[in-house]
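Listing of input-v6.tsv; format and content: TSV, N, CA and C atoms.
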chain	number	residue	atom	x	y	z
A	1	MET	N	-44.02	-116.11	208.00
A	1	MET	CA	-45.32	-115.46	208.12
A	1	MET	C	-45.88	-115.75	209.52
A	2	LYS	N	-46.54	-114.78	210.08
A	2	LYS	CA	-47.13	-114.91	211.41
A	2	LYS	C	-48.28	-115.90	211.38
A	3	HIS	N	-48.36	-116.74	212.43
A	3	HIS	CA	-49.44	-117.71	212.55
A	3	HIS	C	-50.25	-117.40	213.82
A	4	LEU	N	-51.57	-117.31	213.66
A	4	LEU	CA	-52.46	-117.04	214.79
A	4	LEU	C	-53.35	-118.25	215.06
A	5	GLU	N	-53.52	-118.57	216.35
A	5	GLU	CA	-54.50	-119.58	216.76
A	5	GLU	C	-55.65	-118.83	217.41
A	6	VAL	N	-56.83	-119.02	216.85
A	6	VAL	CA	-58.00	-118.22	217.21
A	6	VAL	C	-59.19	-119.14	217.47
A	7	VAL	N	-60.04	-118.72	218.41
A	7	VAL	CA	-61.30	-119.42	218.68
A	7	VAL	C	-62.47	-118.54	218.25
A	8	ALA	N	-63.56	-119.19	217.86
A	8	ALA	CA	-64.76	-118.45	217.47
A	8	ALA	C	-65.99	-119.19	217.96
A	9	GLY	N	-66.99	-118.42	218.33
A	9	GLY	CA	-68.25	-118.99	218.79
A	9	GLY	C	-69.34	-118.84	217.75
A	10	ILE	N	-69.97	-119.94	217.43
A	10	ILE	CA	-71.16	-119.93	216.58
A	10	ILE	C	-72.32	-119.87	217.57
A	11	LEU	N	-72.79	-118.67	217.81
A	11	LEU	CA	-73.78	-118.43	218.86
A	11	LEU	C	-75.19	-118.55	218.29
A	12	VAL	N	-75.95	-119.51	218.82
A	12	VAL	CA	-77.27	-119.82	218.29
A	12	VAL	C	-78.33	-119.50	219.34
A	13	TYR	N	-79.36	-118.77	218.89
A	13	TYR	CA	-80.51	-118.48	219.74
A	13	TYR	C	-81.76	-118.50	218.86
A	14	ASN	N	-82.78	-119.23	219.26
A	14	ASN	CA	-84.03	-119.33	218.48
A	14	ASN	C	-83.77	-119.69	217.02
A	15	ASN	N	-82.88	-120.64	216.79
A	15	ASN	CA	-82.54	-121.12	215.45
A	15	ASN	C	-81.93	-120.06	214.54
A	16	LYS	N	-81.38	-119.01	215.14
A	16	LYS	CA	-80.65	-118.00	214.38
A	16	LYS	C	-79.24	-117.89	214.93
A	17	ILE	N	-78.32	-117.50	214.07
A	17	ILE	CA	-76.90	-117.45	214.41
A	17	ILE	C	-76.44	-115.99	214.44
A	18	LEU	N	-75.65	-115.66	215.47
A	18	LEU	CA	-75.13	-114.30	215.61
A	18	LEU	C	-73.98	-114.08	214.63
A	19	CYS	N	-74.13	-113.06	213.80
A	19	CYS	CA	-73.12	-112.65	212.83
A	19	CYS	C	-72.63	-111.27	213.25
A	20	THR	N	-71.35	-111.15	213.56
A	20	THR	CA	-70.82	-109.86	214.00
A	20	THR	C	-69.96	-109.27	212.90
A	21	GLN	N	-70.10	-107.95	212.72
A	21	GLN	CA	-69.35	-107.25	211.68
A	21	GLN	C	-68.16	-106.53	212.29
A	22	ARG	N	-67.00	-106.82	211.75
A	22	ARG	CA	-65.77	-106.16	212.21
A	22	ARG	C	-65.86	-104.66	212.01
A	23	SER	N	-65.14	-103.94	212.83
A	23	SER	CA	-64.95	-102.50	212.62
A	23	SER	C	-63.78	-102.34	211.65
A	24	VAL	N	-63.24	-101.14	211.56
A	24	VAL	CA	-62.04	-100.91	210.74
A	24	VAL	C	-60.92	-101.79	211.29
A	25	HIS	N	-60.22	-102.46	210.40
A	25	HIS	CA	-59.14	-103.38	210.78
A	25	HIS	C	-57.83	-102.88	210.18
A	26	LYS	N	-56.71	-103.23	210.81
A	26	LYS	CA	-55.42	-102.78	210.29
A	26	LYS	C	-55.16	-103.35	208.90
A	27	TYR	N	-55.78	-104.47	208.58
A	27	TYR	CA	-55.72	-105.00	207.21
A	27	TYR	C	-57.05	-104.68	206.55
A	28	ASP	N	-57.02	-103.80	205.56
A	28	ASP	CA	-58.24	-103.33	204.92
A	28	ASP	C	-59.13	-104.47	204.42
A	29	TYR	N	-58.52	-105.56	203.98
A	29	TYR	CA	-59.30	-106.67	203.43
A	29	TYR	C	-60.16	-107.37	204.48
A	30	LEU	N	-59.98	-107.02	205.77
A	30	LEU	CA	-60.83	-107.57	206.82
A	30	LEU	C	-61.80	-106.55	207.41
A	31	SER	N	-61.63	-105.28	207.06
A	31	SER	CA	-62.52	-104.24	207.59
A	31	SER	C	-63.96	-104.49	207.14
A	32	PHE	N	-64.85	-104.41	208.09
A	32	PHE	CA	-66.30	-104.51	207.88
A	32	PHE	C	-66.77	-105.86	207.34
A	33	LYS	N	-65.92	-106.87	207.43
A	33	LYS	CA	-66.33	-108.23	207.07
A	33	LYS	C	-67.06	-108.84	208.28
A	34	TYR	N	-67.96	-109.75	208.00
A	34	TYR	CA	-68.64	-110.45	209.08
A	34	TYR	C	-67.77	-111.61	209.56
A	35	GLU	N	-67.94	-111.93	210.85
A	35	GLU	CA	-67.18	-113.01	211.46
A	35	GLU	C	-68.00	-113.58	212.61
A	36	PHE	N	-67.57	-114.75	213.08
A	36	PHE	CA	-68.11	-115.30	214.31
A	36	PHE	C	-67.26	-114.74	215.43
A	37	PRO	N	-67.85	-114.24	216.51
A	37	PRO	CA	-67.07	-113.58	217.56
A	37	PRO	C	-66.09	-114.53	218.25
A	38	GLY	N	-64.99	-113.97	218.67
A	38	GLY	CA	-63.95	-114.73	219.35
A	38	GLY	C	-62.64	-113.98	219.29
A	39	GLY	N	-61.53	-114.71	219.38
A	39	GLY	CA	-60.24	-114.04	219.33
A	39	GLY	C	-59.10	-115.00	219.61
A	40	LYS	N	-57.93	-114.42	219.82
A	40	LYS	CA	-56.70	-115.19	219.99
A	40	LYS	C	-56.67	-115.97	221.30
A	41	ILE	N	-56.07	-117.14	221.23
A	41	ILE	CA	-55.86	-117.97	222.41
A	41	ILE	C	-54.60	-117.45	223.11
A	42	GLU	N	-54.70	-117.18	224.39
A	42	GLU	CA	-53.55	-116.71	225.16
A	42	GLU	C	-52.81	-117.89	225.78
A	43	LEU	N	-51.54	-117.68	226.07
A	43	LEU	CA	-50.68	-118.71	226.64
A	43	LEU	C	-51.32	-119.31	227.90
A	44	GLY	N	-51.40	-120.63	227.95
A	44	GLY	CA	-51.93	-121.31	229.12
A	44	GLY	C	-53.43	-121.55	229.09
A	45	GLU	N	-54.13	-121.00	228.11
A	45	GLU	CA	-55.58	-121.17	228.03
A	45	GLU	C	-55.94	-122.40	227.19
A	46	THR	N	-56.99	-123.09	227.58
A	46	THR	CA	-57.58	-124.08	226.69
A	46	THR	C	-58.41	-123.31	225.67
A	47	LYS	N	-58.78	-123.96	224.61
A	47	LYS	CA	-59.61	-123.29	223.60
A	47	LYS	C	-60.95	-122.83	224.18
A	48	PRO	N	-61.66	-123.71	224.92
A	48	PRO	CA	-62.92	-123.23	225.53
A	48	PRO	C	-62.71	-122.05	226.49
A	49	GLN	N	-61.64	-122.08	227.29
A	49	GLN	CA	-61.36	-120.95	228.19
A	49	GLN	C	-61.14	-119.67	227.40
A	50	ALA	N	-60.38	-119.76	226.32
A	50	ALA	CA	-60.11	-118.58	225.49
A	50	ALA	C	-61.40	-118.02	224.91
A	51	LEU	N	-62.27	-118.90	224.43
A	51	LEU	CA	-63.53	-118.43	223.85
A	51	LEU	C	-64.44	-117.81	224.91
A	52	MET	N	-64.51	-118.40	226.08
A	52	MET	CA	-65.33	-117.81	227.15
A	52	MET	C	-64.80	-116.42	227.50
A	53	ARG	N	-63.47	-116.27	227.59
A	53	ARG	CA	-62.87	-114.97	227.90
A	53	ARG	C	-63.18	-113.96	226.80
A	54	GLU	N	-62.97	-114.36	225.55
A	54	GLU	CA	-63.20	-113.45	224.42
A	54	GLU	C	-64.66	-113.01	224.33
A	55	LEU	N	-65.59	-113.93	224.53
A	55	LEU	CA	-67.01	-113.57	224.47
A	55	LEU	C	-67.39	-112.63	225.61
A	56	SER	N	-66.75	-112.80	226.75
A	56	SER	CA	-66.97	-111.88	227.86
A	56	SER	C	-66.43	-110.49	227.51
A	57	GLU	N	-65.22	-110.44	226.95
A	57	GLU	CA	-64.60	-109.15	226.61
A	57	GLU	C	-65.32	-108.44	225.47
A	58	GLU	N	-65.69	-109.17	224.42
A	58	GLU	CA	-66.27	-108.55	223.22
A	58	GLU	C	-67.77	-108.30	223.33
A	59	LEU	N	-68.49	-109.17	224.05
A	59	LEU	CA	-69.95	-109.11	224.05
A	59	LEU	C	-70.56	-109.04	225.44
A	60	ASP	N	-69.71	-109.00	226.47
A	60	ASP	CA	-70.20	-109.01	227.85
A	60	ASP	C	-71.14	-110.20	228.06
A	61	LEU	N	-70.72	-111.36	227.51
A	61	LEU	CA	-71.53	-112.56	227.51
A	61	LEU	C	-70.85	-113.63	228.35
A	62	THR	N	-71.57	-114.19	229.30
A	62	THR	CA	-71.05	-115.27	230.13
A	62	THR	C	-71.71	-116.56	229.68
A	63	ILE	N	-70.89	-117.51	229.27
A	63	ILE	CA	-71.40	-118.77	228.75
A	63	ILE	C	-70.41	-119.87	229.09
A	64	SER	N	-70.92	-121.06	229.32
A	64	SER	CA	-70.06	-122.22	229.60
A	64	SER	C	-69.82	-122.97	228.29
A	65	ILE	N	-68.56	-123.20	227.97
A	65	ILE	CA	-68.17	-123.89	226.73
A	65	ILE	C	-67.23	-125.03	227.09
A	66	THR	N	-67.44	-126.18	226.47
A	66	THR	CA	-66.55	-127.33	226.68
A	66	THR	C	-66.10	-127.86	225.32
A	67	GLU	N	-65.19	-128.83	225.35
A	67	GLU	CA	-64.74	-129.46	224.10
A	67	GLU	C	-65.89	-130.17	223.39
A	68	ASP	N	-66.94	-130.54	224.14
A	68	ASP	CA	-68.10	-131.19	223.51
A	68	ASP	C	-68.81	-130.26	222.53
A	69	ASP	N	-68.58	-128.94	222.65
A	69	ASP	CA	-69.21	-127.95	221.78
A	69	ASP	C	-68.42	-127.72	220.49
A	70	PHE	N	-67.29	-128.41	220.33
A	70	PHE	CA	-66.45	-128.21	219.15
A	70	PHE	C	-67.23	-128.48	217.86
A	71	PHE	N	-67.03	-127.61	216.86
A	71	PHE	CA	-67.74	-127.72	215.58
A	71	PHE	C	-66.81	-128.00	214.41
A	72	LYS	N	-65.74	-127.19	214.27
A	72	LYS	CA	-64.90	-127.30	213.09
A	72	LYS	C	-63.61	-126.51	213.28
A	73	THR	N	-62.52	-126.99	212.66
A	73	THR	CA	-61.26	-126.25	212.60
A	73	THR	C	-61.04	-125.81	211.16
A	74	VAL	N	-60.64	-124.56	210.99
A	74	VAL	CA	-60.35	-124.01	209.67
A	74	VAL	C	-58.92	-123.47	209.68
A	75	SER	N	-58.17	-123.82	208.65
A	75	SER	CA	-56.85	-123.21	208.43
A	75	SER	C	-56.95	-122.36	207.18
A	76	TYR	N	-56.46	-121.13	207.28
A	76	TYR	CA	-56.59	-120.21	206.15
A	76	TYR	C	-55.35	-119.31	206.10
A	77	THR	N	-54.90	-119.01	204.89
A	77	THR	CA	-53.76	-118.11	204.71
A	77	THR	C	-54.26	-116.80	204.12
A	78	TYR	N	-54.14	-115.75	204.92
A	78	TYR	CA	-54.42	-114.39	204.46
A	78	TYR	C	-53.12	-113.82	203.87
A	79	PRO	N	-53.16	-112.69	203.19
A	79	PRO	CA	-51.93	-112.13	202.63
A	79	PRO	C	-50.84	-111.83	203.67
A	80	ASP	N	-51.25	-111.49	204.91
A	80	ASP	CA	-50.28	-111.07	205.91
A	80	ASP	C	-50.08	-112.04	207.07
A	81	PHE	N	-50.87	-113.09	207.17
A	81	PHE	CA	-50.75	-114.03	208.28
A	81	PHE	C	-51.52	-115.31	207.96
A	82	ASP	N	-51.17	-116.38	208.68
A	82	ASP	CA	-51.91	-117.64	208.63
A	82	ASP	C	-52.77	-117.72	209.88
A	83	ILE	N	-53.91	-118.38	209.76
A	83	ILE	CA	-54.79	-118.52	210.91
A	83	ILE	C	-55.28	-119.96	211.02
A	84	THR	N	-55.36	-120.44	212.25
A	84	THR	CA	-56.08	-121.67	212.55
A	84	THR	C	-57.23	-121.26	213.44
A	85	LEU	N	-58.44	-121.50	212.95
A	85	LEU	CA	-59.66	-121.06	213.61
A	85	LEU	C	-60.40	-122.28	214.15
A	86	TYR	N	-60.56	-122.31	215.48
A	86	TYR	CA	-61.28	-123.39	216.15
A	86	TYR	C	-62.67	-122.89	216.50
A	87	CYS	N	-63.69	-123.51	215.94
A	87	CYS	CA	-65.06	-123.02	216.10
A	87	CYS	C	-65.86	-123.94	217.03
A	88	TYR	N	-66.65	-123.30	217.88
A	88	TYR	CA	-67.49	-124.00	218.85
A	88	TYR	C	-68.93	-123.56	218.68
A	89	LEU	N	-69.85	-124.53	218.73
A	89	LEU	CA	-71.27	-124.26	218.62
A	89	LEU	C	-71.82	-124.01	220.02
A	90	CYS	N	-72.40	-122.84	220.22
A	90	CYS	CA	-72.86	-122.42	221.54
A	90	CYS	C	-74.34	-122.05	221.49
A	91	ARG	N	-75.14	-122.80	222.18
A	91	ARG	CA	-76.58	-122.51	222.22
A	91	ARG	C	-76.87	-121.60	223.41
A	92	LEU	N	-77.43	-120.44	223.11
A	92	LEU	CA	-77.67	-119.42	224.13
A	92	LEU	C	-79.08	-119.53	224.70
A	93	GLN	N	-79.21	-119.10	225.95
A	93	GLN	CA	-80.52	-119.07	226.62
A	93	GLN	C	-81.22	-117.72	226.41
A	94	SER	N	-80.49	-116.75	225.90
A	94	SER	CA	-81.01	-115.39	225.71
A	94	SER	C	-80.25	-114.74	224.57
A	95	ASP	N	-80.86	-113.74	223.95
A	95	ASP	CA	-80.15	-113.01	222.89
A	95	ASP	C	-79.55	-111.70	223.43
A	96	ALA	N	-79.48	-111.57	224.74
A	96	ALA	CA	-78.95	-110.35	225.37
A	96	ALA	C	-77.43	-110.38	225.41
A	97	PHE	N	-76.82	-109.32	224.90
A	97	PHE	CA	-75.37	-109.11	224.96
A	97	PHE	C	-75.11	-107.64	224.69
A	98	THR	N	-73.88	-107.22	224.90
A	98	THR	CA	-73.48	-105.83	224.64
A	98	THR	C	-72.38	-105.84	223.59
A	99	LEU	N	-72.63	-105.20	222.46
A	99	LEU	CA	-71.65	-105.11	221.38
A	99	LEU	C	-70.57	-104.11	221.80
A	100	LYS	N	-69.33	-104.58	222.03
A	100	LYS	CA	-68.26	-103.71	222.51
A	100	LYS	C	-67.21	-103.39	221.46
A	101	GLU	N	-66.94	-104.31	220.54
A	101	GLU	CA	-65.84	-104.11	219.61
A	101	GLU	C	-66.25	-104.14	218.15
A	102	HIS	N	-67.42	-104.65	217.86
A	102	HIS	CA	-67.84	-104.80	216.47
A	102	HIS	C	-68.66	-103.59	216.01
A	103	ALA	N	-68.72	-103.40	214.69
A	103	ALA	CA	-69.47	-102.29	214.11
A	103	ALA	C	-70.97	-102.56	214.12
A	104	ASP	N	-71.35	-103.83	213.93
A	104	ASP	CA	-72.77	-104.16	213.82
A	104	ASP	C	-72.94	-105.67	214.03
A	105	PHE	N	-74.17	-106.12	214.04
A	105	PHE	CA	-74.46	-107.55	214.17
A	105	PHE	C	-75.80	-107.85	213.52
A	106	MET	N	-76.03	-109.12	213.23
A	106	MET	CA	-77.31	-109.61	212.72
A	106	MET	C	-77.53	-111.01	213.27
A	107	TRP	N	-78.78	-111.37	213.47
A	107	TRP	CA	-79.16	-112.75	213.78
A	107	TRP	C	-79.78	-113.30	212.51
A	108	LEU	N	-79.22	-114.39	211.97
A	108	LEU	CA	-79.74	-114.96	210.73
A	108	LEU	C	-79.84	-116.48	210.84
A	109	PRO	N	-80.84	-117.07	210.15
A	109	PRO	CA	-80.87	-118.53	210.06
A	109	PRO	C	-79.71	-118.99	209.17
A	110	ALA	N	-79.29	-120.23	209.34
A	110	ALA	CA	-78.13	-120.75	208.61
A	110	ALA	C	-78.26	-120.57	207.10
A	111	GLU	N	-79.45	-120.76	206.57
A	111	GLU	CA	-79.62	-120.67	205.11
A	111	GLU	C	-79.46	-119.25	204.57
A	112	GLU	N	-79.42	-118.23	205.43
A	112	GLU	CA	-79.24	-116.85	204.96
A	112	GLU	C	-77.84	-116.30	205.23
A	113	LEU	N	-76.99	-117.08	205.90
A	113	LEU	CA	-75.66	-116.58	206.27
A	113	LEU	C	-74.83	-116.16	205.06
A	114	ALA	N	-74.94	-116.89	203.97
A	114	ALA	CA	-74.12	-116.61	202.78
A	114	ALA	C	-74.44	-115.26	202.14
A	115	SER	N	-75.53	-114.62	202.57
A	115	SER	CA	-75.89	-113.31	202.01
A	115	SER	C	-74.98	-112.20	202.52
A	116	LEU	N	-74.19	-112.49	203.57
A	116	LEU	CA	-73.30	-111.48	204.16
A	116	LEU	C	-71.89	-111.60	203.58
A	117	ASP	N	-71.12	-110.53	203.73
A	117	ASP	CA	-69.73	-110.49	203.26
A	117	ASP	C	-68.82	-110.94	204.40
A	118	TRP	N	-68.48	-112.23	204.42
A	118	TRP	CA	-67.73	-112.85	205.51
A	118	TRP	C	-66.23	-112.75	205.29
A	119	ALA	N	-65.48	-112.68	206.40
A	119	ALA	CA	-64.03	-112.87	206.34
A	119	ALA	C	-63.82	-114.28	205.77
A	120	PRO	N	-62.82	-114.46	204.91
A	120	PRO	CA	-62.67	-115.75	204.22
A	120	PRO	C	-62.60	-116.98	205.12
A	121	ALA	N	-61.88	-116.92	206.23
A	121	ALA	CA	-61.81	-118.09	207.12
A	121	ALA	C	-63.19	-118.43	207.66
A	122	ASP	N	-63.96	-117.42	208.03
A	122	ASP	CA	-65.30	-117.63	208.56
A	122	ASP	C	-66.27	-118.12	207.48
A	123	ALA	N	-66.03	-117.73	206.23
A	123	ALA	CA	-66.89	-118.17	205.13
A	123	ALA	C	-66.88	-119.68	205.00
A	124	THR	N	-65.76	-120.31	205.30
A	124	THR	CA	-65.67	-121.77	205.28
A	124	THR	C	-66.61	-122.38	206.32
A	125	VAL	N	-66.72	-121.73	207.47
A	125	VAL	CA	-67.62	-122.20	208.53
A	125	VAL	C	-69.07	-122.04	208.08
A	126	VAL	N	-69.38	-120.94	207.41
A	126	VAL	CA	-70.72	-120.70	206.89
A	126	VAL	C	-71.12	-121.84	205.95
A	127	GLU	N	-70.21	-122.24	205.08
A	127	GLU	CA	-70.50	-123.34	204.15
A	127	GLU	C	-70.83	-124.63	204.91
A	128	GLU	N	-70.10	-124.90	205.96
A	128	GLU	CA	-70.34	-126.12	206.76
A	128	GLU	C	-71.67	-126.03	207.50
A	129	LEU	N	-72.00	-124.86	208.03
A	129	LEU	CA	-73.30	-124.67	208.70
A	129	LEU	C	-74.45	-124.92	207.73
A	130	GLU	N	-74.31	-124.41	206.51
A	130	GLU	CA	-75.35	-124.61	205.50
A	130	GLU	C	-75.43	-126.09	205.12
A	131	ARG	N	-74.27	-126.74	204.97
A	131	ARG	CA	-74.23	-128.14	204.58
A	131	ARG	C	-74.92	-129.02	205.63
A	132	ARG	N	-74.68	-128.70	206.91
A	132	ARG	CA	-75.28	-129.49	208.00
A	132	ARG	C	-76.73	-129.11	208.27
A	133	GLY	N	-77.18	-128.00	207.68
A	133	GLY	CA	-78.55	-127.57	207.86
A	133	GLY	C	-78.87	-127.15	209.28
A	134	LEU	N	-77.90	-126.49	209.90
A	134	LEU	CA	-78.09	-126.09	211.31
A	134	LEU	C	-79.19	-125.07	211.43
Can you turn what I pasted into structure tokens?
Amino acid sequence: MKHLEVVAGILVYNNKILCTQRSVHKYDYLSFKYEFPGGKIELGETKPQALMRELSEELDLTISITEDDFFKTVSYTYPDFDITLYCYLCRLQSDAFTLKEHADFMWLPAEELASLDWAPADATVVEELERRGL
């Protein structure tokens, strides 16, 4: 089974977290699910470098991320692939970005995140955010 290493940003502004909704996906079970923005780590990239690149590509967002921003690692097995998701907590100075690849987005406080239909790997992160009371 294919294994993917992926980074995701938990983007926080004014005590709300950015929730991005996927567009149509090649695997129907992921279409229109909410996720934390990010993507695959490319060869030679550190995890923070990969996340900075992905946020630039997906949201036209420039942000500095270091290992100090690490939040949680999630391993999850989907029907067609395994994923290891490395999540970083990123506090933003502005809520300005350009949605380039996602269908929609919402800013929600941590206690309301569970109201959305999350991709299963990301749902684990939502539970941890709620547990920590972020």
Just asking: which residues within region 24-128 of chain A are alpha helix (DSSP H) according to DSSP, as a ChimeraX atom specification? /A:47-59,120-128
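For the set A:Leu11, A:Ala110, A:Val74, A:Leu129, the residue with the smallest atom-to-atom gap to Asp95 (chain A) is A:Leu11, counting only C-alpha atoms.
Atom C of Ala8 (chain A) sits 10.1 Å away from atom C of Thr84 (chain A).
Of the listed residues (A:Pro48, A:Arg132, A:Met1, A:Gln93), A:Pro48 comes nearest to Glu67 (chain A); the distances count only N, CA and C atoms.
Within 8 Å of region 29-45 of chain A, once only C-alpha atoms are used and residues closer than 6 positions along the same chain are dropped, the contacting residues are Leu4, Glu5, Val6, Val7, Ala8, Gly9, Ile10, Leu11, Leu18, Cys19, Thr20, Gln21, Arg22, Ser23, Leu51, Glu54, Leu55, Glu58, Ala103, Leu116, Asp117, Trp118, Ala119 and Asp122 of chain A.
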Can you tell me, as a PyMOL selection string, which residues in chain A count as strand (DSSP E or B) by DSSP? chain A and resi 2-13+16-21+34-35+38-40+70-77+81-91+104-108+118
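In this comparison, which uses all atoms listed in the file, the residue of A:Asp28, A:Pro120, A:Phe70, A:His3 approaching Ile83 (chain A) most closely is A:His3.
Coordinates place CA of Ala121 (chain A) at a distance of 21.1 Å from atom N of Tyr13 (chain A).
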Two-atom distance - CA of Val125 (chain A), CA of Thr73 (chain A) (Å): 8.6 Å
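Shortest separation to Glu127 (chain A) among A:Lys26, A:Arg53, A:Lys72, A:Lys2 occurs at residue A:Lys72, atoms counted being only C-alpha atoms.
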